[in-house]
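S.K.: One structure follows; several queries about it will come next.
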Amino acid sequence: MPAPVLKPRTLYDKVWDDHVVHVQEDGLTLLYIDRHLVHEVTSPQAFEGLRTAGRSVRRTDCTLATVDHNLPTAPRNGYTKIEDYTTEPDSKAQCVALEENVKEFGLTYFGMRDRRQGIVHIIGPEQGFTLPGITCVCGDSHTSTHGAFGALAFGIGTSEVEHVLATQTLPQKKGKNMRISVDGDLHEGVTSKDVILHIIGVIGTAGGTGCVIEYAGSVFRGFSMEARMSVCNMSIEAGARAGMVTQAQSSAGARAGMAAPDDITFEYLKGRPLAPKGEMWDRALAYWRTLKTDEGAMFDKEVRINAQDIIPTVTWGTSPQDVAPITGKVPDPANIEDPVRRKSVERSLQYMGLTPNTPLTEIKIDKVFIGSCTNSRIEDLRSAAKIVLAAGPDAKVASHVYAMIVPGSGMIKEQAEAEGLDVIFKRAGFDWREAGCSMCLGMNPDQLRPQERCASTSNRNFEGRQGPGGRTHLLSPAMAAAAALTGYLTDARKFLGVEQNQSTPAIKELSASAFWIGPEPTLPELGAGNGTLASSVEPETAVLSDRKFTTWKGIAARLDMQNINTDVIISKQYLKISDFSLLGDALFETLRKDPITGTPTDFILNHPPFDKSKILICTGENFGCGSSRENAPWSFKVFGIRCIIAPSFADIFRSNTLQNGMLAIELAKEVCIGLAEDAETGAELEIDLEKNEIRRPNGQPPVTFSIDPFRRHCLLNGLDNIEITLQKADKIGEFEERRELLQPWLCTLGRKGGKIVASQGRADPLDW
Ligand SMILES: CC(C)[C@H](C(=O)O)[C@@H](O)C(=O)O
Ligand code: SF4
């Protein structure tokens, strides 16, 4: 018999296939998770769930916790306890809860006094916890960062965190394959951050929705691991839940160079504390070398970009796709034909306080933030320091600017200090801080004040992200350093003596994908204050634990926006509250209240009868993109909305709703618009999950919808997913035995009683 012909597979296909524990008839796959990173924001309710159900953590050896989002970045000398150092009550409560949980559940934890503490996506790779070919999750959307190693790494919500803690698996539907190739030589002074901002500008923030992106091409092949991490990190801003660096195919169609994970990857990992050692390293390496996309593998989406089209890039608006080359100008809405897009740009510019046609280099800034899981690694700090050095020994941060540098981990801070980078920064007037997420989202005291303008190396420029009313421009570390010195957005190449070439044709298309859609955007005008703020319909938070969904009837609010992100749905300060009854009023707070005066706006949910809406119909795609915060669906539920209808949803948001007895129904855009028109009359719609239909008013025929059969079954019966997965405990056990045999290096952490030994204080890392 001839041997079966194997279909060529992508790297994503291969890693997926290697982690299948069980496949249901409907294709839903129980996927084994090799590595689980935990932080203080998205874990408290997960641990609480385990406690209530009397469950333990299945693989303490595959779980690593740290504290990052809430931790202040002021000097830590003299503090031994997190509760003394973290004074803001809600932040303190989350930090203390994590410390209690890791103790109770026996997890390895890098706490505030541990030199290995840092941003969760920095410490995984740094310790060698992240490895090629693994599956890796975290209750955080930027888990995509770890894809740089050829790992399948994606963010999850809190319910899924609990699921992984209890079962070390996740039920998953496979995503689509998308490949982005960037080939050619980058201009001098163009960095990985410019490349990923440019990509997002080209494909838009919904460009990768439903996909795992494979980054291919000579540019990624030439990048260091740290540069690859910065790129994969922002896959989520490109709409994809995960991104991987993979084997390259040049734009000419010929295979070229080596595969990734490649020698650059292996070199980076060798000798890291948690990476395999000795004979185990050799075995791991032999497997890792097989991890490449096969010749002829099929991609559902392909994008090709010429490296020569990319020059240093900054954002001017309030979405990561609002980018422009630094040599360009603020866009002029008058030149935008599409009225909807025009309106959106007008609003962005109003929020950002920008005048059309202003050259970007004339934009004056107040603050500089160099940090975040995108750009706080040693190479980022070196690149910023290079600009400061190039500016001369007397270079100083502009007198009107406050500039802070927040290393991604204690280890990076030490390394930078060993190289004298801190001295370069401090001499120039930068503030040198302790490790954490810091002003990337300002859950700690590092925040912008209203209308302050920040040049930031982080990844999100949403309204209010770095502080209510704050204005964020995303850019690279070199560009941030240059902005700090001049006090304006600046082409960093000017300090390097490099020619500052102008914009290219490709850049001009960047803002082509509209942020707003539909005939009349229903967003309130900034500063308009004529509505009344509705109070939540369901004040009791007991509603949150109701997992059952059968039928749901009520009036529906219409929203004509695209790319609604979870930061807009629920602001960061509500990620740390313990009184969940506040979530209903907090839903869409930045749209319902004027950011400066706090007065209610004319947003639809502020107005009767829609202040009692039970359904939301959004006519724009990519609903719920961005952060993995499960507080987003929770806030809808507490408000009283249990069903959201839209043309498409971001993956994490969709699964977060389904975990919470809510429905995210995907329908063609025209159908959404039809239903939205019904809704505007104030008539009630009825969602019937038994019949998979939406009953409309005025005798119109019902609209049918489909929902994943397994999820539907769970919702109709109010089932606990974890309980269902635990019924497959034998299969999980068999998978683990196989894994121990075939990939024993993934289990080596277990050799010391299943625990990574946590160092006390700021001592040297222990030898595992
Ligand atoms: C807190 C967490 C849920 C969130 C995320 O998932 O991205 C945060 O890290 C962010 O950057 O907004
Ligand atoms: S995006 Fe910002 S807040 Fe989120 S994990 Fe990264 S550094 Fe932390």
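Labels for the structure tokens follow display order: chains A, B, ..., residues from 1 in each chain, ligands from 1.
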What residues have any atom no more than 9 Å from ligand 2 when counting only C-alpha atoms and all ligand atoms, and can you list them as an NGL selection string?

M.R.: :A and (68-69 or 119-122 or 140-143 or 233-234 or 371-376 or 408 or 436-443 or 458-460 or 627)

S.K.: From a backbone DSSP assignment, name each residue in segment 184-217 of chain A labelled strand (DSSP E or B), as a ChimeraX atom specification.

M.R.: /A:211-216

S.K.: Taking into account only C-alpha atoms and all ligand atoms, which residue in the set A:Thr355, A:Thr42, A:Gln743, A:Ser91 is nearest to ligand 1?

M.R.: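 Closest to ligand 1 of all the choices is A:Thr42.
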
S.K.: Got a sec to tell me which of segment 403-625 of chain A DSSP assigns to alpha helix (DSSP H), as a PyMOL selection string?

M.R.: chain A and resi 410-418+421-428+477-486+493-496+505-508+566-569+583-586+589-592

S.K.: Smallest atom-to-atom distance to Pro273 of chain A: which of A:Glu666, A:Glu126, A:Glu25, A:Glu693, using only C-alpha atoms?

M.R.: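 Ranked by minimum distance to Pro273 of chain A, first place goes to A:Glu126.
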
S.K.: I'd like the contact shell of Ile673 of chain A - 9 Å cut-off, only C-alpha atoms, skipping same-chain residues fewer than 5 positions apart - returned as a ChimeraX atom specification.

M.R.: /A:518,558,560,617-619,668,678

S.K.: For the selection you just gave me, I'd like the residues written to a file as an mmCIF file, in the first residue's frame, keeping N, CA, C and O atoms.

M.R.:
data_model
loop_
_atom_site.group_PDB
_atom_site.id
_atom_site.type_symbol
_atom_site.label_atom_id
_atom_site.label_comp_id
_atom_site.auth_asym_id
_atom_site.auth_seq_id
_atom_site.Cartn_x
_atom_site.Cartn_y
_atom_site.Cartn_z
ATOM 1 N N GLY A 518 -21.282 52.365 9.232
ATOM 2 C CA GLY A 518 -22.709 52.601 9.455
ATOM 3 C C GLY A 518 -23.028 54.056 9.174
ATOM 4 O O GLY A 518 -22.148 54.910 9.156
ATOM 5 N N ARG A 558 -28.451 50.077 19.745
ATOM 6 C CA ARG A 558 -27.677 50.015 18.497
ATOM 7 C C ARG A 558 -26.367 50.787 18.657
ATOM 8 O O ARG A 558 -26.344 51.907 19.168
ATOM 9 N N ASP A 560 -22.989 51.810 16.210
ATOM 10 C CA ASP A 560 -22.369 51.745 14.885
ATOM 11 C C ASP A 560 -20.886 52.034 14.982
ATOM 12 O O ASP A 560 -20.413 53.091 14.546
ATOM 13 N N ILE A 617 -26.687 45.576 19.819
ATOM 14 C CA ILE A 617 -26.423 45.221 18.422
ATOM 15 C C ILE A 617 -25.380 46.180 17.875
ATOM 16 O O ILE A 617 -25.602 47.385 17.806
ATOM 17 N N CYS A 618 -24.257 45.617 17.536
ATOM 18 C CA CYS A 618 -23.176 46.438 17.008
ATOM 19 C C CYS A 618 -23.065 46.138 15.513
ATOM 20 O O CYS A 618 -23.005 44.982 15.118
ATOM 21 N N THR A 619 -23.043 47.176 14.704
ATOM 22 C CA THR A 619 -22.999 46.936 13.258
ATOM 23 C C THR A 619 -21.570 46.912 12.724
ATOM 24 O O THR A 619 -21.350 46.724 11.536
ATOM 25 N N ALA A 668 -24.121 38.257 9.558
ATOM 26 C CA ALA A 668 -23.639 39.114 8.462
ATOM 27 C C ALA A 668 -23.997 40.576 8.776
ATOM 28 O O ALA A 668 -25.024 40.848 9.411
ATOM 29 N N ASP A 678 -34.640 47.448 13.593
ATOM 30 C CA ASP A 678 -35.754 47.026 14.466
ATOM 31 C C ASP A 678 -35.563 47.621 15.858
ATOM 32 O O ASP A 678 -36.497 48.142 16.469
#

S.K.: For a quick check of understanding, using only C-alpha atoms, which of A:Gly201, A:Pro75, A:Gly106, A:Gly118 has the smallest distance to Val57 of chain A?

M.R.: A:Gly106

S.K.: Give the answer as one residue: which of A:Ala227, A:Leu726, A:Leu489, A:Leu274 has the shortest atom-to-atom distance to Thr327 of chain A, using only C-alpha atoms?

M.R.: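 Of the candidates, the smallest distance to Thr327 of chain A is held by A:Leu489.
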
S.K.: So that I can check the surroundings of segment 694-711 of chain A, please list as an NGL selection string every protein, DNA and RNA residue that reaches within 7 Å of it, counting only C-alpha atoms and ignoring chain neighbours fewer than 3 positions away.

M.R.: :A and (658 or 683-688 or 714-715)

S.K.: I need the residue nearest ligand 1 from this list: A:Lys572, A:Arg289, A:Arg115, A:His146. Use only C-alpha atoms and all ligand atoms for the distance.

M.R.: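 For ligand 1, the nearest of the given residues is A:Lys572.
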
S.K.: Which distance in Å separates atom CA of His36 of chain A and atom CA of Gly155 of chain A, to one decimal?

M.R.: 10.3 Å

S.K.: If we count only C-alpha atoms, what is near Ala481 of chain A at a cut-off of 9 Å, once residues fewer than 2 positions away on the same chain are taken out, given as a list in words?

M.R.: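 Here the qualifying residues turn out to be Val368, Ile370, Ser383, Ala384, Ala385, Lys386, Ile387, Val388, Val397, Ala403, Ala455, Ser476, Pro477, Ala478, Met479, Ala483, Ala484, Leu485, Thr486 and Ala492 of chain A.
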
S.K.: Just checking: using only C-alpha atoms and all ligand atoms, which residue out of A:Val102, A:Val423, A:Ala646, A:Val41 ends up closest to ligand 1?

M.R.: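 Smallest separation from ligand 1 among the options: A:Val41.
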
S.K.: Name the residues in contact with Asn461 of chain A at a cut-off of 10 Å, using only C-alpha atoms, excluding same-chain residues fewer than 6 positions from it; report them as a VMD selection string.

M.R.: chain A and resid 315 to 322 440 to 441 454 470 to 474

S.K.: Excluding Ser571 of chain A and its own-chain neighbours fewer than 3 positions away, which residues fall within 9 Å of it when counting only C-alpha atoms? Please give them as a PyMOL selection string.

M.R.: chain A and resi 464-465+566-568+574-575+586-590+632
